[in-house]
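The file final_21.tsv comes next; it holds TSV, C-alpha atoms.
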```
chain	number	residue	atom	x	y	z
L	73	MET	CA	-131.70	-88.74	154.40
L	74	ILE	CA	-129.18	-90.29	156.79
L	75	LEU	CA	-128.69	-93.31	154.51
L	76	ASP	CA	-128.37	-90.90	151.60
L	77	LEU	CA	-125.16	-89.67	153.21
L	78	LEU	CA	-123.58	-93.08	152.72
L	79	THR	CA	-124.06	-93.06	148.94
L	80	LYS	CA	-121.67	-91.77	146.28
L	81	LYS	CA	-123.33	-88.36	146.37
L	82	TYR	CA	-121.33	-87.49	149.50
L	83	PRO	CA	-117.93	-89.13	148.98
L	84	GLY	CA	-116.20	-87.56	151.97
L	85	PHE	CA	-118.79	-88.66	154.46
L	86	ARG	CA	-118.16	-92.38	154.13
L	87	LEU	CA	-114.51	-92.11	155.14
L	88	TRP	CA	-115.40	-89.68	157.91
L	89	PHE	CA	-118.02	-92.11	159.19
L	90	LEU	CA	-115.74	-95.13	158.84
L	91	GLN	CA	-113.10	-93.36	160.89
L	92	ARG	CA	-115.57	-92.68	163.72
L	93	ILE	CA	-116.96	-96.23	163.75
L	94	SER	CA	-113.52	-97.85	163.59
L	95	GLY	CA	-112.30	-95.51	166.32
L	96	LEU	CA	-115.18	-96.61	168.52
L	97	ILE	CA	-114.40	-100.30	167.92
L	98	ILE	CA	-110.71	-99.75	168.69
L	99	ALA	CA	-111.67	-97.95	171.91
L	100	ILE	CA	-113.90	-100.89	172.92
L	101	PHE	CA	-111.09	-103.32	172.17
L	102	SER	CA	-108.60	-101.25	174.18
L	103	ILE	CA	-110.88	-101.26	177.22
L	104	THR	CA	-111.43	-105.02	176.87
L	105	PHE	CA	-107.70	-105.62	176.49
L	106	ILE	CA	-106.79	-103.61	179.58
L	107	ALA	CA	-109.61	-105.14	181.63
L	108	ARG	CA	-108.46	-108.65	180.64
L	109	LEU	CA	-104.93	-107.88	181.83
L	110	TYR	CA	-106.39	-107.69	185.31
L	111	PHE	CA	-107.68	-111.28	185.17
L	112	ILE	CA	-104.97	-113.04	183.18
L	113	ASP	CA	-101.29	-113.04	184.03
L	114	ILE	CA	-99.47	-112.53	180.72
L	115	HIS	CA	-95.94	-112.81	182.09
L	116	THR	CA	-95.75	-116.45	181.04
L	117	PHE	CA	-96.05	-117.88	177.55
L	118	GLN	CA	-99.08	-120.00	178.55
L	119	GLY	CA	-100.88	-117.01	180.00
L	120	TRP	CA	-100.13	-114.86	176.95
L	121	LYS	CA	-101.29	-117.64	174.65
L	122	PHE	CA	-104.45	-118.15	176.72
L	123	PHE	CA	-105.10	-114.43	176.47
L	124	PHE	CA	-105.78	-114.81	172.73
L	125	THR	CA	-107.31	-118.29	172.80
L	126	PRO	CA	-111.06	-117.61	173.26
L	127	PHE	CA	-112.99	-117.47	170.01
L	128	TRP	CA	-114.60	-114.10	170.79
L	129	MET	CA	-111.15	-112.64	171.47
L	130	GLN	CA	-109.85	-113.84	168.12
L	131	VAL	CA	-112.86	-112.39	166.30
L	132	LEU	CA	-112.59	-109.11	168.23
L	133	LEU	CA	-108.86	-108.91	167.50
L	134	LEU	CA	-109.38	-109.49	163.79
L	135	VAL	CA	-112.19	-106.92	163.52
L	136	THR	CA	-110.17	-104.43	165.55
L	137	TRP	CA	-107.04	-104.99	163.49
L	138	ILE	CA	-108.92	-104.25	160.26
L	139	CYS	CA	-110.36	-101.17	161.96
L	140	ILE	CA	-106.89	-100.07	163.10
L	141	CYS	CA	-105.57	-100.31	159.55
L	142	PHE	CA	-108.50	-98.37	158.07
L	143	HIS	CA	-108.48	-95.82	160.89
L	144	GLY	CA	-104.73	-95.30	160.52
L	145	TRP	CA	-104.97	-95.05	156.76
L	146	ILE	CA	-107.71	-92.39	156.85
L	147	GLY	CA	-105.99	-90.45	159.62
L	148	VAL	CA	-102.53	-90.34	158.03
L	149	ARG	CA	-104.14	-89.67	154.65
L	150	ASN	CA	-105.82	-86.57	156.08
L	151	VAL	CA	-102.57	-85.42	157.67
L	152	ILE	CA	-100.66	-85.86	154.40
L	153	LYS	CA	-103.33	-84.03	152.42
L	154	ASP	CA	-103.20	-81.15	154.90
L	155	TYR	CA	-99.46	-80.65	155.19
L	156	ILE	CA	-97.66	-82.11	152.15
L	157	ARG	CA	-97.94	-79.56	149.34
L	158	HIS	CA	-95.35	-81.04	146.98
L	159	TYR	CA	-97.50	-82.94	144.48
L	160	GLN	CA	-95.32	-85.93	143.65
L	161	LEU	CA	-94.25	-86.46	147.25
L	162	ARG	CA	-97.89	-86.31	148.33
L	163	ILE	CA	-98.98	-88.92	145.78
L	164	PHE	CA	-96.01	-91.09	146.72
L	165	LEU	CA	-96.77	-90.97	150.45
L	166	LEU	CA	-100.51	-91.54	149.91
L	167	ASN	CA	-99.73	-94.66	147.89
L	168	ILE	CA	-97.23	-95.89	150.46
L	169	ILE	CA	-99.64	-95.63	153.40
L	170	ALA	CA	-102.53	-97.13	151.44
L	171	PHE	CA	-100.36	-100.07	150.41
L	172	ALA	CA	-98.93	-100.46	153.91
L	173	SER	CA	-102.37	-100.46	155.52
L	174	ILE	CA	-103.63	-103.22	153.24
L	175	ALA	CA	-100.40	-105.15	153.74
L	176	TYR	CA	-100.74	-104.95	157.55
L	177	ILE	CA	-104.17	-106.59	157.34
L	178	PHE	CA	-102.83	-109.48	155.28
L	179	ILE	CA	-99.67	-109.88	157.38
L	180	MET	CA	-101.88	-110.14	160.46
L	181	LEU	CA	-104.06	-112.76	158.78
L	182	TRP	CA	-100.95	-114.68	157.76
L	183	VAL	CA	-99.24	-114.44	161.15
L	184	PHE	CA	-102.17	-114.97	163.44
L	185	TYR	CA	-104.81	-117.12	161.81
A	1187	MET	CA	-108.56	-46.71	145.62
A	1188	ASN	CA	-107.30	-48.51	148.61
A	1189	ASN	CA	-107.61	-52.08	147.41
A	1190	HIS	CA	-105.96	-54.09	150.13
A	1191	SER	CA	-107.20	-57.65	150.40
A	1192	TYR	CA	-106.74	-60.00	153.32
A	1193	ARG	CA	-103.52	-61.16	151.64
A	1194	ASP	CA	-101.79	-57.89	152.53
A	1195	ARG	CA	-102.52	-58.12	156.21
A	1196	PRO	CA	-99.64	-59.08	158.43
A	1197	LYS	CA	-99.81	-62.67	159.50
A	1198	ASN	CA	-97.99	-64.55	162.17
A	1199	LEU	CA	-97.52	-68.28	161.71
A	1200	ASP	CA	-94.38	-68.49	163.83
A	1201	LEU	CA	-95.13	-71.43	166.09
A	1202	ARG	CA	-92.63	-70.20	168.68
A	1203	THR	CA	-94.61	-67.03	169.34
A	1204	ILE	CA	-98.11	-68.46	169.03
A	1205	ARG	CA	-99.65	-69.65	172.24
A	1206	LEU	CA	-101.91	-72.51	171.19
A	1207	PRO	CA	-105.34	-72.56	172.84
A	1208	ILE	CA	-105.97	-75.78	174.74
A	1209	ASN	CA	-108.36	-77.10	172.08
A	1210	ALA	CA	-105.74	-76.61	169.36
A	1211	LEU	CA	-103.12	-78.23	171.55
A	1212	VAL	CA	-105.24	-81.32	172.24
A	1213	SER	CA	-106.15	-81.53	168.56
A	1214	ILE	CA	-102.62	-81.28	167.17
A	1215	MET	CA	-101.39	-83.77	169.78
A	1216	HIS	CA	-104.19	-86.10	168.67
A	1217	ARG	CA	-102.81	-85.87	165.13
A	1218	LEU	CA	-99.19	-86.28	166.16
A	1219	SER	CA	-99.95	-89.23	168.41
A	1220	GLY	CA	-101.99	-90.78	165.60
A	1221	CYS	CA	-98.99	-90.59	163.28
A	1222	VAL	CA	-96.74	-92.13	165.94
A	1223	LEU	CA	-99.24	-94.95	166.51
A	1224	PHE	CA	-99.45	-95.58	162.76
A	1225	LEU	CA	-95.68	-96.01	162.66
A	1226	LEU	CA	-95.99	-98.43	165.60
A	1227	ILE	CA	-98.25	-100.87	163.71
A	1228	PRO	CA	-95.39	-102.93	162.21
A	1229	ILE	CA	-93.67	-103.13	165.63
A	1230	ILE	CA	-96.88	-104.41	167.21
A	1231	LEU	CA	-97.17	-106.97	164.42
A	1232	PHE	CA	-93.60	-108.11	165.01
A	1233	VAL	CA	-93.99	-108.42	168.78
A	1234	LEU	CA	-97.30	-110.31	168.44
A	1235	SER	CA	-95.93	-112.77	165.91
A	1236	GLN	CA	-92.73	-113.39	167.89
A	1237	THR	CA	-94.36	-113.81	171.30
A	1238	LEU	CA	-97.06	-116.18	170.04
A	1239	LYS	CA	-94.66	-118.36	168.03
A	1240	SER	CA	-93.06	-120.45	170.76
A	1241	GLU	CA	-92.08	-120.36	174.41
A	1242	ASN	CA	-88.44	-119.81	173.49
A	1243	ASP	CA	-89.16	-116.77	171.35
A	1244	PHE	CA	-91.48	-115.43	174.04
A	1245	ASP	CA	-88.82	-115.67	176.74
A	1246	ASN	CA	-86.14	-114.18	174.50
A	1247	LEU	CA	-88.24	-111.16	173.61
A	1248	LYS	CA	-89.44	-110.80	177.21
A	1249	ILE	CA	-85.87	-110.49	178.47
A	1250	ILE	CA	-85.13	-107.80	175.89
A	1251	LEU	CA	-88.36	-105.86	176.48
A	1252	ALA	CA	-88.12	-106.04	180.28
A	1253	SER	CA	-84.82	-104.20	180.55
A	1254	PRO	CA	-85.22	-101.04	182.65
A	1255	LYS	CA	-83.51	-98.87	180.05
A	1256	LEU	CA	-86.56	-99.26	177.82
A	1257	LYS	CA	-88.93	-97.67	180.35
A	1258	ILE	CA	-88.37	-94.20	178.93
A	1259	ILE	CA	-89.22	-95.57	175.47
A	1260	TYR	CA	-92.43	-97.10	176.83
A	1261	PHE	CA	-93.35	-93.73	178.22
A	1262	VAL	CA	-92.84	-92.16	174.80
A	1263	LEU	CA	-94.96	-94.89	173.20
A	1264	LEU	CA	-97.74	-95.16	175.80
A	1265	TRP	CA	-98.43	-91.47	176.08
A	1266	PRO	CA	-99.51	-91.19	172.41
A	1267	PHE	CA	-101.80	-94.16	172.90
A	1268	PHE	CA	-103.55	-92.80	175.97
A	1269	HIS	CA	-103.75	-89.27	174.63
A	1270	HIS	CA	-105.17	-90.53	171.34
A	1271	PHE	CA	-107.66	-92.69	173.25
A	1272	TYR	CA	-109.01	-89.92	175.48
A	1273	ALA	CA	-108.88	-87.20	172.84
A	1274	GLY	CA	-110.64	-89.56	170.43
A	1275	ILE	CA	-113.47	-90.11	172.88
A	1276	ARG	CA	-113.67	-86.33	173.31
A	1277	HIS	CA	-113.92	-85.85	169.55
A	1278	LEU	CA	-116.59	-88.55	169.27
A	1279	ALA	CA	-118.59	-86.87	172.04
A	1280	MET	CA	-118.30	-83.53	170.25
A	1281	ASP	CA	-119.51	-85.11	167.00
A	1282	ILE	CA	-122.80	-85.93	168.73
A	1283	HIS	CA	-122.82	-82.45	170.31
A	1284	ILE	CA	-121.85	-83.42	173.83
A	1285	ALA	CA	-119.68	-80.81	175.57
A	1286	SER	CA	-119.08	-78.89	172.34
A	1287	SER	CA	-119.47	-75.40	173.78
A	1288	LEU	CA	-116.23	-73.48	174.25
A	1289	VAL	CA	-116.34	-73.41	178.05
A	1290	LYS	CA	-116.95	-77.15	178.32
A	1291	ALA	CA	-114.44	-77.92	175.57
A	1292	ILE	CA	-111.71	-76.05	177.46
A	1293	TYR	CA	-112.57	-78.04	180.56
A	1294	THR	CA	-112.63	-81.45	178.80
A	1295	GLY	CA	-109.43	-80.52	176.96
A	1296	ARG	CA	-107.64	-80.07	180.27
A	1297	VAL	CA	-109.14	-83.32	181.57
A	1298	VAL	CA	-107.92	-85.18	178.45
A	1299	LEU	CA	-104.39	-83.80	178.78
A	1300	ALA	CA	-104.24	-84.72	182.46
A	1301	LEU	CA	-105.81	-88.18	182.03
A	1302	GLY	CA	-103.38	-89.10	179.24
A	1303	PHE	CA	-100.42	-88.14	181.38
A	1304	VAL	CA	-101.70	-89.80	184.57
A	1305	SER	CA	-102.69	-93.05	182.79
A	1306	THR	CA	-99.22	-93.31	181.27
A	1307	LEU	CA	-97.60	-92.77	184.66
A	1308	ILE	CA	-99.81	-95.43	186.27
A	1309	VAL	CA	-98.93	-98.01	183.62
A	1310	ILE	CA	-95.22	-97.19	183.88
A	1311	VAL	CA	-95.33	-97.68	187.65
A	1312	LEU	CA	-97.29	-100.95	187.32
A	1313	LEU	CA	-95.00	-102.38	184.61
```
The structure given in the file should be rewritten as structure tokens.
Amino acid sequence: MILDLLTKKYPGFRLWFLQRISGLIIAIFSITFIARLYFIDIHTFQGWKFFFTPFWMQVLLLVTWICICFHGWIGVRNVIKDYIRHYQLRIFLLNIIAFASIAYIFIMLWVFY
Amino acid sequence: MNNHSYRDRPKNLDLRTIRLPINALVSIMHRLSGCVLFLLIPIILFVLSQTLKSENDFDNLKIILASPKLKIIYFVLLWPFFHHFYAGIRHLAMDIHIASSLVKAIYTGRVVLALGFVSTLIVIVLL
């Protein structure tokens, strides 16, 4: 029954669920990030670099970044669908944010890894 | 026959005269802050790429970002983050039916508003 919700029969649920899960991951990352600021001085280049050096941090950052892009895409998509009534403008904006979200993931991969 | 439907009833959608209940306020601020944070993504990307490139770029950007004039901008940017964070946790809790009754929701709504503001102030002071 629960797994049934994730199939094509309930198309809205998957995005709803993805938004919750990604939000949770972003929250965990935020807490980790702030907690780490307490232990590592990031006011120097070496410290800032060291902040992102550990392997688990790089993995967590990558996962979180993908989550941020999906979370942002779903959220802004919902906002646009709620408030933009002009059809062409709505389609235009939906395409823009979908494209931008995917682009952000690839820019991050290109810049960081 | 008197055939009035709900469409004929007077309606008031003038935001200046509506007093939003606390739950609506927290919710609409969650949306607004989400939009602001979405617009911030490219700036975060830029800052990350610049500061991790080389020591020179790091120092250059640090001097620009550390100027006291920017503190008010940080306040405007940090508040959405903290509000979105706390309100998001509140929404997640409500999704699994924790504190979803009206009385508790009003209470947690106030807590979320206060926590977002206080957290931002603390970070601004620490910066």
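Counting all atoms listed in the file, the residue from A:Ala1300, A:Leu1263, A:Ile1250, A:Ile1292 that sits nearest to Val1222 in chain A is A:Leu1263.
The nearest approach to Ala175 in chain L among the residues L:Ile152, L:Ile114, L:Ile138, L:Ile103, with all atoms listed in the file taken into account, belongs to L:Ile138.
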Could you work out an axis-aligned box for range 1292-1307 of chain A, taking every atom the file lists and adding 5 Å on each side, and report centre and edge lengths in Å to one decimal, as AutoDock Vina command-line options?
```
--center_x -105.1 --center_y -84.7 --center_z 180.8 --size_x 25.0 --size_y 27.3 --size_z 17.7
```
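In terms of minimum interatomic distance to Gln130 in chain L, L:Phe101 ranks closest within L:Phe111, L:Phe101, L:Phe89, L:Gly95, counting only C-alpha atoms.
We find CA of Gly144 in chain L and CA of Tyr1260 in chain A to be spaced 20.5 Å apart.
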Once you count all atoms listed in the file, what closest atom pair and distance in Å to one decimal does each residue of chain L within 10 Å of chain A have, with rows by chain and rising residue number, as JSON lines?
```
{"residue": "L:Arg92", "atom": "CA", "partner": "A:Leu1278", "partner_atom": "CA", "distance": 7.0}
{"residue": "L:Ile93", "atom": "CA", "partner": "A:Leu1278", "partner_atom": "CA", "distance": 9.5}
{"residue": "L:Gly95", "atom": "CA", "partner": "A:Gly1274", "partner_atom": "CA", "distance": 7.4}
{"residue": "L:Leu96", "atom": "CA", "partner": "A:Ile1275", "partner_atom": "CA", "distance": 8.0}
{"residue": "L:Ile98", "atom": "CA", "partner": "A:Phe1271", "partner_atom": "CA", "distance": 8.9}
{"residue": "L:Ala99", "atom": "CA", "partner": "A:Phe1271", "partner_atom": "CA", "distance": 6.7}
{"residue": "L:Ser102", "atom": "CA", "partner": "A:Phe1271", "partner_atom": "CA", "distance": 8.7}
{"residue": "L:Ile103", "atom": "CA", "partner": "A:Phe1271", "partner_atom": "CA", "distance": 10.0}
{"residue": "L:His115", "atom": "CA", "partner": "A:Lys1248", "partner_atom": "CA", "distance": 8.4}
{"residue": "L:Thr116", "atom": "CA", "partner": "A:Asp1245", "partner_atom": "CA", "distance": 8.2}
{"residue": "L:Phe117", "atom": "CA", "partner": "A:Glu1241", "partner_atom": "CA", "distance": 5.6}
{"residue": "L:Gln118", "atom": "CA", "partner": "A:Glu1241", "partner_atom": "CA", "distance": 8.1}
{"residue": "L:Trp120", "atom": "CA", "partner": "A:Leu1238", "partner_atom": "CA", "distance": 7.7}
{"residue": "L:Lys121", "atom": "CA", "partner": "A:Leu1238", "partner_atom": "CA", "distance": 6.4}
{"residue": "L:Phe124", "atom": "CA", "partner": "A:Leu1238", "partner_atom": "CA", "distance": 9.2}
{"residue": "L:Trp137", "atom": "CA", "partner": "A:Ile1227", "partner_atom": "CA", "distance": 9.7}
{"residue": "L:Ile140", "atom": "CA", "partner": "A:Phe1224", "partner_atom": "CA", "distance": 8.7}
{"residue": "L:Cys141", "atom": "CA", "partner": "A:Phe1224", "partner_atom": "CA", "distance": 8.4}
{"residue": "L:His143", "atom": "CA", "partner": "A:Phe1224", "partner_atom": "CA", "distance": 9.2}
{"residue": "L:Gly144", "atom": "CA", "partner": "A:Phe1224", "partner_atom": "CA", "distance": 5.7}
{"residue": "L:Trp145", "atom": "CA", "partner": "A:Phe1224", "partner_atom": "CA", "distance": 8.2}
{"residue": "L:Gly147", "atom": "CA", "partner": "A:Gly1220", "partner_atom": "CA", "distance": 7.2}
{"residue": "L:Val148", "atom": "CA", "partner": "A:Cys1221", "partner_atom": "CA", "distance": 6.3}
{"residue": "L:Asn150", "atom": "CA", "partner": "A:Arg1217", "partner_atom": "CA", "distance": 9.6}
{"residue": "L:Val151", "atom": "CA", "partner": "A:Arg1217", "partner_atom": "CA", "distance": 7.5}
{"residue": "L:Ile169", "atom": "CA", "partner": "A:Phe1224", "partner_atom": "CA", "distance": 9.4}
{"residue": "L:Ala172", "atom": "CA", "partner": "A:Pro1228", "partner_atom": "CA", "distance": 9.4}
{"residue": "L:Ser173", "atom": "CA", "partner": "A:Ile1227", "partner_atom": "CA", "distance": 9.2}
{"residue": "L:Tyr176", "atom": "CA", "partner": "A:Pro1228", "partner_atom": "CA", "distance": 7.4}
{"residue": "L:Ile177", "atom": "CA", "partner": "A:Leu1231", "partner_atom": "CA", "distance": 10.0}
{"residue": "L:Ile179", "atom": "CA", "partner": "A:Leu1231", "partner_atom": "CA", "distance": 8.0}
{"residue": "L:Met180", "atom": "CA", "partner": "A:Leu1231", "partner_atom": "CA", "distance": 6.9}
{"residue": "L:Trp182", "atom": "CA", "partner": "A:Ser1235", "partner_atom": "CA", "distance": 9.8}
{"residue": "L:Val183", "atom": "CA", "partner": "A:Ser1235", "partner_atom": "CA", "distance": 6.0}
{"residue": "L:Phe184", "atom": "CA", "partner": "A:Ser1235", "partner_atom": "CA", "distance": 7.1}
```
Taking (-105.9, -85.1, 151.3) in the file's coordinates, which residues come within 12 Å, counting all atoms listed in the file, written as a VMD selection string? chain L and resid 84 87 145 to 157 159 162 to 163 165 to 167
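Pairwise distance (CA of His158 in chain L, CA of Ala170 in chain L) equals 18.2 Å.
Here CA of Ala1252 in chain A stands at a distance of 21.6 Å from CA of Val1304 in chain A.
Each of A:Ile1204, A:Ala1279, A:Val1212, A:Val1309 was compared to Arg1296 in chain A using only C-alpha atoms, and A:Val1212 turns out to be the nearest.
Closest approach to Ile1308 in chain A among A:Ile1249, A:Ser1287, A:Phe1268, A:Leu1199: A:Phe1268, based on only C-alpha atoms.
The smallest atom-to-atom distance between Gly1295 in chain A and any of A:Leu1313, A:Leu1307, A:Val1262, A:Met1215, using only C-alpha atoms, is found for A:Met1215.
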Need the shell around Thr1306 in chain A: protein/DNA/RNA residues with any atom at most 7 Å away, counting all atoms listed in the file. Skip same-chain ones fewer than 3 positions apart. Format as a PyMOL selection string? chain A and resi 1261+1264-1265+1268+1302-1303+1309-1310
